[in-house]
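Structure data follow from coords-v8.txt (compact mmCIF, C-alpha atoms):
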```txt
# COMPACT_ATOMS: atom_id res chain seq x y z
CA MET A 40 7.35 -0.28 -33.92
CA ASP A 41 8.47 -0.46 -30.30
CA LEU A 42 5.08 0.29 -28.76
CA LEU A 43 6.14 0.18 -25.12
CA LYS A 44 9.02 2.55 -25.79
CA GLU A 45 6.66 5.00 -27.53
CA ILE A 46 4.14 4.90 -24.69
CA LYS A 47 6.85 5.41 -22.05
CA SER A 48 8.09 8.43 -24.00
CA PHE A 49 4.50 9.76 -24.13
CA LEU A 50 4.06 9.24 -20.36
CA LYS A 51 7.08 11.44 -19.58
CA LYS A 52 5.39 14.44 -21.21
CA ALA A 53 1.69 13.77 -20.47
CA LYS A 54 0.05 15.59 -17.56
CA LYS A 55 -3.14 13.49 -17.50
CA PRO A 56 -2.24 10.34 -19.47
CA LEU A 57 -4.86 7.98 -20.83
CA VAL A 58 -3.97 4.93 -22.92
CA VAL A 59 -6.81 3.70 -25.16
CA VAL A 60 -6.91 0.28 -26.85
CA VAL A 61 -9.37 0.25 -29.77
CA GLY A 62 -10.33 -2.18 -32.48
CA PRO A 63 -13.17 -4.26 -33.87
CA THR A 64 -14.49 -7.29 -32.04
CA ALA A 65 -12.12 -10.31 -31.96
CA SER A 66 -9.07 -8.19 -32.85
CA GLY A 67 -7.09 -9.03 -29.69
CA LYS A 68 -7.82 -5.93 -27.59
CA THR A 69 -8.07 -7.87 -24.31
CA ALA A 70 -4.65 -9.53 -24.60
CA LEU A 71 -3.07 -6.23 -25.63
CA SER A 72 -4.67 -4.29 -22.75
CA LEU A 73 -3.45 -6.87 -20.20
CA LYS A 74 0.09 -6.63 -21.57
CA LEU A 75 0.09 -2.82 -21.41
CA ALA A 76 -1.43 -2.77 -17.91
CA ARG A 77 1.24 -5.23 -16.68
CA GLU A 78 4.15 -3.36 -18.22
CA LEU A 79 2.97 0.18 -17.40
CA GLU A 80 1.37 -0.36 -13.97
CA GLY A 81 -2.10 0.26 -15.35
CA GLU A 82 -5.70 -0.57 -14.49
CA ILE A 83 -8.36 -1.31 -17.10
CA ILE A 84 -11.69 0.41 -17.82
CA SER A 85 -14.06 -1.35 -20.25
CA THR A 86 -15.64 0.80 -22.95
CA ASP A 87 -18.03 -1.91 -24.12
CA SER A 88 -21.70 -0.89 -23.95
CA ARG A 89 -22.82 -4.48 -23.25
CA GLN A 90 -20.17 -5.70 -20.83
CA ILE A 91 -21.77 -3.50 -18.17
CA TYR A 92 -24.50 -6.14 -17.75
CA LYS A 93 -24.32 -9.18 -15.45
CA GLY A 94 -25.29 -12.59 -16.78
CA MET A 95 -24.15 -11.85 -20.35
CA GLU A 96 -20.46 -12.68 -19.99
CA ILE A 97 -20.32 -15.28 -22.79
CA GLY A 98 -22.26 -13.21 -25.34
CA THR A 99 -20.28 -10.04 -24.64
CA ASP A 100 -17.00 -11.94 -24.28
CA ALA A 101 -16.30 -10.18 -20.97
CA ILE A 102 -13.01 -11.19 -19.37
CA SER A 103 -13.53 -13.46 -16.34
CA GLU A 104 -11.93 -12.80 -12.93
CA ASP A 105 -9.48 -15.70 -13.25
CA LYS A 106 -8.04 -14.28 -16.49
CA ARG A 107 -7.50 -10.71 -15.28
CA GLU A 108 -4.03 -11.52 -13.87
CA GLY A 109 -4.81 -9.57 -10.70
CA ILE A 110 -5.26 -6.33 -12.67
CA PRO A 111 -8.30 -4.31 -11.51
CA HIS A 112 -11.05 -3.95 -14.14
CA TYR A 113 -13.84 -1.37 -14.07
CA MET A 114 -17.26 -1.06 -15.77
CA ILE A 115 -17.77 -4.82 -16.22
CA GLY A 116 -20.91 -6.45 -14.79
CA ILE A 117 -21.97 -3.32 -12.91
CA THR A 118 -25.74 -3.69 -13.44
CA THR A 119 -28.50 -6.13 -14.40
CA PRO A 120 -30.06 -6.34 -17.89
CA ASN A 121 -33.34 -4.74 -16.75
CA LYS A 122 -31.54 -1.49 -15.85
CA ILE A 123 -30.72 1.12 -18.47
CA ILE A 124 -27.51 3.11 -18.16
CA SER A 125 -27.43 6.16 -20.40
CA LEU A 126 -24.28 7.46 -22.08
CA SER A 127 -24.12 10.37 -19.63
CA GLU A 128 -24.32 7.96 -16.65
CA TYR A 129 -21.65 5.74 -18.18
CA LYS A 130 -19.36 8.72 -18.75
CA ASP A 131 -19.75 9.89 -15.13
CA MET A 132 -18.90 6.42 -13.77
CA ALA A 133 -15.96 5.93 -16.12
CA LEU A 134 -14.49 9.32 -15.17
CA GLU A 135 -14.87 8.37 -11.51
CA ALA A 136 -12.91 5.17 -12.23
CA VAL A 137 -10.15 7.21 -13.92
CA LYS A 138 -9.97 9.43 -10.83
CA LYS A 139 -9.57 6.39 -8.53
CA ILE A 140 -6.79 5.00 -10.73
CA TYR A 141 -4.92 8.32 -10.66
CA GLN A 142 -5.22 8.39 -6.87
CA LYS A 143 -3.43 5.01 -6.77
CA ARG A 144 -0.71 6.53 -8.98
CA LYS A 145 -1.56 4.04 -11.72
CA LEU A 146 -2.23 4.45 -15.44
CA PRO A 147 -5.85 4.24 -16.71
CA VAL A 148 -6.20 2.01 -19.79
CA LEU A 149 -9.49 2.21 -21.71
CA VAL A 150 -10.30 -0.88 -23.76
CA GLY A 151 -13.33 -1.69 -25.87
CA GLY A 152 -15.10 -1.42 -29.15
CA THR A 153 -17.98 1.00 -28.46
CA GLY A 154 -16.78 4.09 -30.32
CA LEU A 155 -19.37 6.40 -28.77
CA TYR A 156 -18.23 5.52 -25.23
CA ILE A 157 -14.58 6.07 -26.16
CA SER A 158 -15.32 9.43 -27.82
CA ALA A 159 -17.47 10.59 -24.89
CA ILE A 160 -14.40 10.29 -22.63
CA THR A 161 -11.47 11.14 -24.92
CA GLU A 162 -13.24 14.05 -26.68
CA ASN A 163 -15.21 15.11 -23.60
CA TYR A 164 -18.71 15.08 -25.07
CA ASP A 165 -21.43 17.21 -23.47
CA VAL A 166 -23.92 14.36 -23.38
CA PRO A 167 -27.68 15.14 -23.23
CA ARG A 168 -29.11 13.95 -19.90
CA ILE A 169 -32.45 12.72 -21.27
CA LYS A 170 -33.98 9.61 -19.74
CA PRO A 171 -34.86 6.69 -22.07
CA ASN A 172 -38.45 6.52 -23.33
CA LEU A 173 -39.18 2.79 -23.27
CA ALA A 174 -42.59 3.07 -24.92
CA LEU A 175 -41.11 5.02 -27.83
CA ARG A 176 -38.24 2.57 -28.13
CA ARG A 177 -40.64 -0.39 -28.30
CA LYS A 178 -42.71 1.33 -30.99
CA LEU A 179 -39.65 2.17 -33.14
CA GLN A 180 -38.19 -1.31 -32.68
CA THR A 181 -41.48 -2.87 -33.84
CA GLU A 182 -41.51 -0.59 -36.90
CA ALA A 183 -37.92 -1.60 -37.70
CA ASP A 184 -38.84 -5.30 -37.42
CA LYS A 185 -41.86 -4.93 -39.71
CA LYS A 186 -40.78 -2.24 -42.20
CA GLY A 187 -36.99 -2.33 -41.93
CA MET A 188 -34.32 -0.16 -40.31
CA GLU A 189 -34.26 2.20 -43.28
CA PHE A 190 -37.86 3.18 -42.47
CA VAL A 191 -36.88 4.28 -38.93
CA HIS A 192 -33.83 6.07 -40.31
CA GLN A 193 -36.09 8.06 -42.65
CA LYS A 194 -38.04 9.25 -39.59
CA LEU A 195 -34.79 10.55 -38.11
CA SER A 196 -33.94 12.29 -41.43
CA LYS A 197 -37.16 14.31 -41.19
CA LEU A 198 -36.58 15.24 -37.52
CA ASP A 199 -32.82 15.73 -37.54
CA PRO A 200 -31.10 15.62 -40.98
CA GLN A 201 -27.63 16.31 -39.53
CA ALA A 202 -27.80 13.38 -37.09
CA ALA A 203 -29.19 11.13 -39.84
CA LYS A 204 -26.13 11.86 -42.00
CA LYS A 205 -23.78 10.81 -39.20
CA ILE A 206 -25.61 7.64 -38.10
CA HIS A 207 -25.76 4.57 -40.36
CA PRO A 208 -29.31 3.15 -40.89
CA ASN A 209 -28.14 -0.26 -39.60
CA ASN A 210 -27.09 1.28 -36.30
CA LEU A 211 -30.68 1.12 -35.06
CA ARG A 212 -29.88 1.78 -31.40
CA TYR A 213 -28.20 5.12 -32.18
CA VAL A 214 -30.99 6.04 -34.64
CA ILE A 215 -33.64 5.42 -31.99
CA ARG A 216 -31.69 7.38 -29.37
CA ALA A 217 -31.37 10.38 -31.72
CA ILE A 218 -35.17 10.33 -32.33
CA GLU A 219 -35.73 9.97 -28.57
CA ILE A 220 -33.58 13.03 -27.79
CA ASN A 221 -35.26 15.13 -30.49
CA MET A 222 -38.79 14.27 -29.37
CA ALA A 223 -38.00 14.82 -25.66
CA SER A 224 -36.13 18.11 -25.99
CA GLY A 225 -37.52 19.54 -29.21
CA LYS A 226 -33.88 20.01 -30.27
CA ASN A 227 -31.63 18.15 -32.64
CA LYS A 228 -29.03 15.76 -31.26
CA GLN A 229 -25.72 17.60 -31.05
CA ASP A 230 -22.37 16.08 -30.22
CA LYS A 231 -21.02 19.11 -28.41
CA LYS A 232 -17.44 18.79 -27.25
CA SER A 233 -15.73 20.61 -24.44
CA LYS A 234 -12.00 20.96 -24.09
CA PRO A 235 -10.42 17.46 -23.83
CA ILE A 236 -9.49 16.47 -20.28
CA PHE A 237 -6.79 13.91 -21.04
CA ASP A 238 -3.59 13.43 -22.99
CA VAL A 239 -4.49 10.40 -25.08
CA PHE A 240 -2.30 7.66 -26.57
CA MET A 241 -4.44 5.43 -28.80
CA VAL A 242 -3.42 2.00 -30.09
CA GLY A 243 -5.26 -0.57 -32.21
CA VAL A 244 -4.74 -3.77 -34.17
CA ASP A 245 -5.08 -3.65 -37.96
CA TRP A 246 -6.19 -7.06 -39.24
CA PRO A 247 -6.71 -7.91 -42.92
CA ARG A 248 -10.51 -8.11 -43.36
CA GLU A 249 -10.62 -11.84 -44.21
CA LYS A 250 -8.40 -12.78 -41.25
CA LEU A 251 -10.59 -10.72 -38.93
CA TYR A 252 -13.70 -12.53 -40.18
CA GLU A 253 -12.02 -15.87 -39.54
CA ARG A 254 -11.29 -14.80 -35.97
CA ILE A 255 -14.90 -13.67 -35.52
CA GLU A 256 -16.25 -17.02 -36.74
CA LYS A 257 -13.88 -18.94 -34.49
CA ARG A 258 -14.95 -16.83 -31.49
CA VAL A 259 -18.65 -17.43 -32.18
CA ASP A 260 -18.03 -21.20 -32.35
CA GLU A 261 -16.23 -21.00 -29.00
CA GLN A 262 -19.12 -19.01 -27.48
CA PHE A 263 -21.59 -21.74 -28.41
CA GLN A 264 -19.25 -24.35 -26.89
CA LYS A 265 -19.02 -22.32 -23.66
CA GLY A 266 -22.82 -22.28 -23.31
CA LEU A 267 -24.15 -19.21 -25.13
CA VAL A 268 -27.60 -20.75 -25.66
CA GLU A 269 -27.86 -21.70 -21.98
CA GLU A 270 -26.85 -18.16 -20.99
CA VAL A 271 -29.70 -16.65 -23.04
CA LYS A 272 -32.16 -19.23 -21.70
CA GLU A 273 -31.22 -18.14 -18.18
CA LEU A 274 -31.79 -14.46 -19.04
CA LEU A 275 -35.28 -15.24 -20.38
CA LYS A 276 -35.99 -17.46 -17.37
CA LYS A 277 -35.26 -14.48 -15.09
CA GLY A 278 -37.97 -12.52 -16.91
CA TYR A 279 -35.89 -9.98 -18.81
CA LYS A 280 -38.02 -8.62 -21.69
CA GLU A 281 -36.80 -8.89 -25.27
CA GLU A 282 -37.13 -5.16 -25.98
CA LEU A 283 -34.69 -4.16 -23.23
CA PRO A 284 -31.47 -2.61 -24.66
CA ALA A 285 -29.42 -5.36 -23.01
CA MET A 286 -31.52 -8.07 -24.67
CA THR A 287 -31.01 -6.55 -28.12
CA SER A 288 -27.24 -7.15 -27.82
CA LEU A 289 -25.32 -9.23 -30.32
CA GLY A 290 -25.19 -12.74 -28.96
CA VAL A 291 -28.60 -12.41 -27.30
CA LYS A 292 -31.13 -11.22 -29.89
CA GLU A 293 -29.96 -13.86 -32.41
CA ILE A 294 -30.30 -16.68 -29.88
CA ILE A 295 -33.82 -15.85 -28.62
CA PRO A 296 -35.62 -17.13 -31.79
CA HIS A 297 -33.69 -20.42 -31.50
CA VAL A 298 -34.63 -20.81 -27.83
CA LYS A 299 -38.31 -20.16 -28.66
CA ASN A 300 -38.52 -22.40 -31.73
CA LYS A 301 -35.62 -24.74 -32.54
CA LYS A 302 -37.37 -26.20 -35.60
CA LYS A 303 -38.00 -22.81 -37.17
CA MET A 304 -34.57 -21.49 -36.20
CA PRO A 305 -32.06 -24.37 -35.98
CA LEU A 306 -28.72 -23.89 -34.22
CA GLU A 307 -26.66 -23.94 -37.43
CA LEU A 308 -28.71 -21.13 -38.97
CA THR A 309 -28.61 -19.19 -35.68
CA SER A 310 -24.81 -19.43 -35.68
CA GLU A 311 -24.58 -18.18 -39.28
CA ILE A 312 -26.86 -15.20 -38.54
CA LEU A 313 -24.80 -14.26 -35.46
CA LYS A 314 -21.53 -14.48 -37.42
CA ARG A 315 -22.97 -12.29 -40.19
CA ASN A 316 -24.27 -9.68 -37.74
CA ILE A 317 -20.93 -9.51 -35.92
CA ARG A 318 -19.09 -9.07 -39.22
CA HIS A 319 -21.38 -6.13 -40.04
CA TYR A 320 -20.80 -4.70 -36.57
CA ALA A 321 -17.02 -4.98 -37.02
CA LYS A 322 -17.33 -2.93 -40.24
CA ARG A 323 -19.21 -0.18 -38.38
CA GLN A 324 -16.57 -0.20 -35.64
CA LEU A 325 -13.77 0.27 -38.16
CA THR A 326 -15.70 3.13 -39.83
CA TRP A 327 -15.92 4.86 -36.44
CA PHE A 328 -12.25 4.36 -35.61
CA LYS A 329 -11.22 5.89 -38.93
CA LYS A 330 -12.39 9.22 -37.49
CA TYR A 331 -9.66 9.14 -34.86
CA LYS A 332 -6.33 10.72 -35.66
CA ASN A 333 -2.94 9.37 -34.57
CA ILE A 334 -3.94 5.79 -33.79
CA HIS A 335 -0.82 3.64 -33.45
CA TRP A 336 -1.89 0.62 -35.50
CA LEU A 337 -0.17 -2.70 -34.82
CA THR A 338 0.10 -5.45 -37.39
CA PRO A 339 -1.01 -8.95 -36.30
CA LYS A 340 2.66 -9.96 -36.24
CA GLU A 341 3.57 -7.04 -33.95
CA LEU A 342 0.65 -7.91 -31.66
CA ALA A 343 1.72 -11.57 -31.44
CA GLU A 344 5.30 -10.55 -30.64
CA LEU A 345 4.15 -8.09 -27.98
CA VAL A 346 1.76 -10.37 -26.09
CA LYS A 347 3.69 -13.65 -26.29
CA PRO A 348 4.53 -15.05 -22.84
CA VAL A 349 8.10 -14.63 -21.62
CA LYS A 350 9.87 -17.90 -20.83
CA SER A 351 10.81 -17.80 -17.19
CA ALA A 352 13.98 -19.36 -15.81
CA LYS A 353 13.69 -22.66 -13.88
CA PRO A 354 12.76 -21.90 -10.30
CA GLU A 355 15.25 -22.82 -7.60
CA THR A 356 14.44 -25.75 -5.34
CA PRO A 357 12.58 -24.23 -2.41
CA VAL A 358 14.45 -24.20 0.89
CA LYS A 359 12.55 -25.92 3.68
CA LYS A 360 11.65 -24.06 6.83
CA ASN A 361 14.55 -23.73 9.33
CA GLN A 362 16.93 -25.01 6.62
CA LYS A 363 19.82 -22.72 5.71
CA LYS A 364 20.89 -22.41 2.11
CA GLU A 365 24.19 -24.23 1.58
CA THR A 366 27.22 -22.08 0.80
CA LYS A 367 29.77 -23.05 -1.85
CA PRO A 368 32.39 -24.16 0.71
CA ILE A 369 29.95 -26.59 2.37
CA LYS A 370 28.99 -28.04 -1.01
CA LYS A 371 32.68 -28.61 -1.86
CA VAL A 372 33.39 -30.29 1.49
CA LYS A 373 30.43 -32.63 0.96
CA LYS A 374 31.65 -33.47 -2.54
CA VAL A 375 35.14 -34.36 -1.27
CA ALA A 376 33.64 -36.39 1.60
CA LYS A 377 31.53 -38.45 -0.82
CA LYS A 378 34.50 -39.26 -3.07
CA THR A 379 36.65 -40.15 -0.08
CA ALA A 380 33.94 -42.38 1.35
CA LYS A 381 34.07 -44.52 -1.78
CA LYS A 382 37.79 -45.22 -1.21
CA VAL A 383 37.34 -46.33 2.41
CA PRO A 384 37.12 -50.15 2.80
CA GLN A 385 33.63 -51.50 3.49
CA LYS A 386 34.76 -53.20 6.68
CA ALA A 387 33.60 -51.18 9.68
CA VAL A 388 36.35 -49.36 11.56
CA LYS A 389 35.95 -48.20 15.13
CA ILE A 390 37.03 -44.57 15.50
CA PRO A 391 37.25 -42.95 18.92
CA LYS A 392 34.52 -40.40 19.71
CA LYS A 393 37.10 -37.66 20.39
CA LYS A 394 38.56 -38.11 16.92
CA ILE A 395 35.07 -37.88 15.33
CA LYS A 396 34.41 -34.61 17.16
CA LYS A 397 37.73 -33.20 15.89
CA ILE A 398 36.92 -34.15 12.25
CA VAL A 399 33.44 -32.56 12.47
CA LYS A 400 34.95 -29.42 13.98
CA LYS A 401 37.47 -29.15 11.14
CA VAL A 402 34.77 -29.61 8.46
CA LYS A 403 32.59 -26.89 10.00
CA LYS A 404 35.57 -24.56 10.28
CA SER A 405 36.58 -25.05 6.64
CA ALA A 406 32.97 -24.46 5.53
CA LYS A 407 33.00 -20.97 7.04
CA LYS A 408 36.22 -19.99 5.22
CA PRO A 409 36.15 -18.50 1.68
CA ALA A 410 36.03 -21.09 -1.07
CA LYS A 411 39.50 -22.40 -2.07
CA LYS A 412 40.71 -25.25 -4.16
CA LEU A 413 40.32 -28.23 -1.91
CA THR A 414 42.99 -30.95 -1.91
CA LYS A 415 41.96 -34.51 -1.32
CA LYS A 416 43.69 -36.01 1.72
CA LYS A 417 43.92 -39.75 1.95
CA PHE A 418 42.58 -41.17 5.17
CA LYS A 419 45.05 -43.68 6.56
CA ARG A 420 43.60 -46.74 8.09
CA LYS A 421 44.80 -47.38 11.61
```

Structure rendered as structure tokens:
Amino acid sequence: MDLLKEIKSFLKKAKKPLVVVVGPTASGKTALSLKLARELEGEIISTDSRQIYKGMEIGTDAISEDKREGIPHYMIGITTPNKIISLSEYKDMALEAVKKIYQKRKLPVLVGGTGLYISAITENYDVPRIKPNLALRRKLQTEADKKGMEFVHQKLSKLDPQAAKKIHPNNLRYVIRAIEINMASGKNKQDKKSKPIFDVFMVGVDWPREKLYERIEKRVDEQFQKGLVEEVKELLKKGYKEELPAMTSLGVKEIIPHVKNKKKMPLELTSEILKRNIRHYAKRQLTWFKKYKNIHWLTPKELAELVKPVKSAKPETPVKKNQKKETKPIKKVKKVAKKTAKKVPQKAVKIPKKKIKKIVKKVKKSAKKPAKKLTKKKFKRK
């Protein structure tokens, strides 16, 4: 599949184009989004619900400034972990970013793995504007810790059976939010959709399950090497409470028990738990993406071919300031002069100054003429 060709064909017809890069964690979305943004004059908007927080760059695998290749990125590190940004607030900010990108006559490229964020934009959800109830969230989280996530899910089933059917029991954050909406409004959570705003081209990477898990495990190992434990220590040191949504993120909640008690929760076990939880999360992501129609799935081989760096030609030797680039005729004259110099006897010969001036004048004159086959003239010794 020639992906770039397909997208360019799509762009010719689209009135409000939006390219969306989806996929589970560790599937190569970042590299693909950079390639598309470079080739299509795009700017990138993150659709990751945890990359919005500062100080969690290692755990959320947020792309650093030095790796963005000068391409503007939006919705990364926009708030601190003690602030809560609702889906409706995220949607408003993301749409504002899209507007700015259009004004620059660039292409907006959404990239991330939070399906709900992607759907809110591409399918134009009418999102309930209900503020988070932190006390309720703490209570439900405690119940999930003590009695299991299935227990909290059963509560949702009694309040809102339709929402309970759509949300997996392991997706505790969404379960709690659905209960929160029902208790605040007295109404069931409804994913109402308005008419879509954008023409969407969606692309993802389809990894064999075992290969994807290998990539996840490798990434987790790299995160620990980069200082994941130190990052979480710093968050706790700043006083961010464990029950905050940001602190329940993958790559934070698994590390906190280790930071508090290394003997009870050694690093090796912490790493295994994090890898397992991310594998489960990747499964849920793939389940969500299966709902989307017309995703252009790339094979790992196609991805590798697309994002591989292009070998650039050897750069020319830079010309120094006030130094003119030599033309072909000058180069040829120099070459002839060098060969001739070798044939001249080593014994110094006195040549009148007038004659030197004449020779220099002739060389300069011949350099300005179009390149011709130069004949070697023998200098006669006088």

For this session: Find the spatial neighbours of Leu57 (chain A), counting all atoms listed in the file, within a cut-off of 7 Å - ignore same-chain residues fewer than 2 positions away - and output them as a ChimeraX atom specification.
Result: /A:55,59,146-148,237-240

Exercise. Which one is closest to Glu282 (chain A): A:Pro208, A:Gly154, A:Pro120, A:Pro200? Count all atoms listed in the file.
Worked result: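 With all atoms listed in the file as the atom set, the closest residue is A:Pro120.
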
Exercise. Which residues come within 10 Å of region 112-118 of chain A, counting only C-alpha atoms, excluding same-chain residues fewer than 3 positions away, as a PyMOL selection string?
Worked result: chain A and resi 81-96+101-104+107+109+121-124+129+132-133+136-137+148-149

For this session: Between CA of Glu45 (chain A) and CA of Arg77 (chain A), measure the distance and give it in Å to one decimal.
Result: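 Distance reported for this atom pair: 15.9 Å.
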
I want to know what sits within 12 Å of region 167-172 of chain A, based on all atoms listed in the file, with residues of the same chain fewer than 5 positions away left out; could you give that as a PDB file with C-alpha atoms, in the frame of the given file?
```
ATOM      1  CA  LYS A 122     -31.540  -1.490 -15.850  1.00  0.00           C
ATOM      2  CA  ILE A 123     -30.720   1.120 -18.470  1.00  0.00           C
ATOM      3  CA  ILE A 124     -27.510   3.110 -18.160  1.00  0.00           C
ATOM      4  CA  SER A 125     -27.430   6.160 -20.400  1.00  0.00           C
ATOM      5  CA  LEU A 126     -24.280   7.460 -22.080  1.00  0.00           C
ATOM      6  CA  SER A 127     -24.120  10.370 -19.630  1.00  0.00           C
ATOM      7  CA  GLU A 128     -24.320   7.960 -16.650  1.00  0.00           C
ATOM      8  CA  TYR A 129     -21.650   5.740 -18.180  1.00  0.00           C
ATOM      9  CA  LYS A 130     -19.360   8.720 -18.750  1.00  0.00           C
ATOM     10  CA  ASP A 131     -19.750   9.890 -15.130  1.00  0.00           C
ATOM     11  CA  ALA A 159     -17.470  10.590 -24.890  1.00  0.00           C
ATOM     12  CA  ARG A 177     -40.640  -0.390 -28.300  1.00  0.00           C
ATOM     13  CA  LYS A 178     -42.710   1.330 -30.990  1.00  0.00           C
ATOM     14  CA  LEU A 179     -39.650   2.170 -33.140  1.00  0.00           C
ATOM     15  CA  ARG A 212     -29.880   1.780 -31.400  1.00  0.00           C
ATOM     16  CA  ILE A 215     -33.640   5.420 -31.990  1.00  0.00           C
ATOM     17  CA  ARG A 216     -31.690   7.380 -29.370  1.00  0.00           C
ATOM     18  CA  ALA A 217     -31.370  10.380 -31.720  1.00  0.00           C
ATOM     19  CA  ILE A 218     -35.170  10.330 -32.330  1.00  0.00           C
ATOM     20  CA  GLU A 219     -35.730   9.970 -28.570  1.00  0.00           C
ATOM     21  CA  ILE A 220     -33.580  13.030 -27.790  1.00  0.00           C
ATOM     22  CA  ASN A 221     -35.260  15.130 -30.490  1.00  0.00           C
ATOM     23  CA  MET A 222     -38.790  14.270 -29.370  1.00  0.00           C
ATOM     24  CA  ALA A 223     -38.000  14.820 -25.660  1.00  0.00           C
ATOM     25  CA  SER A 224     -36.130  18.110 -25.990  1.00  0.00           C
ATOM     26  CA  GLY A 225     -37.520  19.540 -29.210  1.00  0.00           C
ATOM     27  CA  LYS A 226     -33.880  20.010 -30.270  1.00  0.00           C
ATOM     28  CA  ASN A 227     -31.630  18.150 -32.640  1.00  0.00           C
ATOM     29  CA  LYS A 228     -29.030  15.760 -31.260  1.00  0.00           C
ATOM     30  CA  GLN A 229     -25.720  17.600 -31.050  1.00  0.00           C
ATOM     31  CA  ASP A 230     -22.370  16.080 -30.220  1.00  0.00           C
ATOM     32  CA  LYS A 231     -21.020  19.110 -28.410  1.00  0.00           C
ATOM     33  CA  LYS A 232     -17.440  18.790 -27.250  1.00  0.00           C
ATOM     34  CA  LEU A 283     -34.690  -4.160 -23.230  1.00  0.00           C
ATOM     35  CA  PRO A 284     -31.470  -2.610 -24.660  1.00  0.00           C
TER      36      PRO A 284
END
```

Exercise. Rounded to one decimal in Å, what is the spacing between CA of Ser66 (chain A) and CA of His319 (chain A)?
Worked result: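 Computed distance, CA of Ser66 (chain A) to CA of His319 (chain A), equals 14.4 Å.
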
For this session: Could you jot down the CA of Glu344 (chain A) to CA of Met40 (chain A) separation for me, Å, one decimal place?
Result: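 Between CA of Glu344 (chain A) and CA of Met40 (chain A) the gap is 11.0 Å.
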
For this session: Tell me which protein, DNA and RNA residues are within 8 Å of Ser310 (chain A), counting all atoms listed in the file, leaving out same-chain ones fewer than 4 positions away, and put them as a ChimeraX atom specification.
Result: /A:259-260,306,314

For this session: Find the residue from A:Leu211, A:Val166, A:Ala70, A:Ala321 that sits nearest to Glu249 (chain A); use all atoms listed in the file when measuring.
Result: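 Nearest to Glu249 (chain A): A:Ala321.
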
For this session: Extract, using only C-alpha atoms, all DNA, RNA and protein residues at most 9 Å from His192 (chain A), discarding same-chain residues fewer than 4 positions from it, and format them as a PyMOL selection string.
Result: chain A and resi 188+196-197+203+206-209+211+214-215

For this session: Show me as a PyMOL selection string the residues that reach within 12 Å of (-32.2, -15.4, -29.2), counting all atoms listed in the file and using the file's own coordinates.
Result: chain A and resi 98+267-275+280-282+286-301+304-306+308-310+312-313

For this session: Considering all atoms listed in the file, state which residue in the set A:Thr99, A:Lys276, A:Leu79, A:Lys302 is at the smallest distance from Arg144 (chain A).
Result: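 So, comparing all the options, the nearest one is A:Leu79.
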
Exercise. Using all atoms listed in the file, which of the listed residues (A:Asp100, A:Lys329, A:Pro391, A:Ile398) sits closest to Ala65 (chain A)?
Worked result: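 Among A:Asp100, A:Lys329, A:Pro391, A:Ile398, it is A:Asp100 that comes nearest to Ala65 (chain A).
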
Exercise. For the point (-10.1, -3.1, -24.1) in file coordinates, what residues are within 7 Å, counting only C-alpha atoms? Give the answer as a ChimeraX atom specification?
Worked result: /A:60-61,68-69,72,85-86,149-151
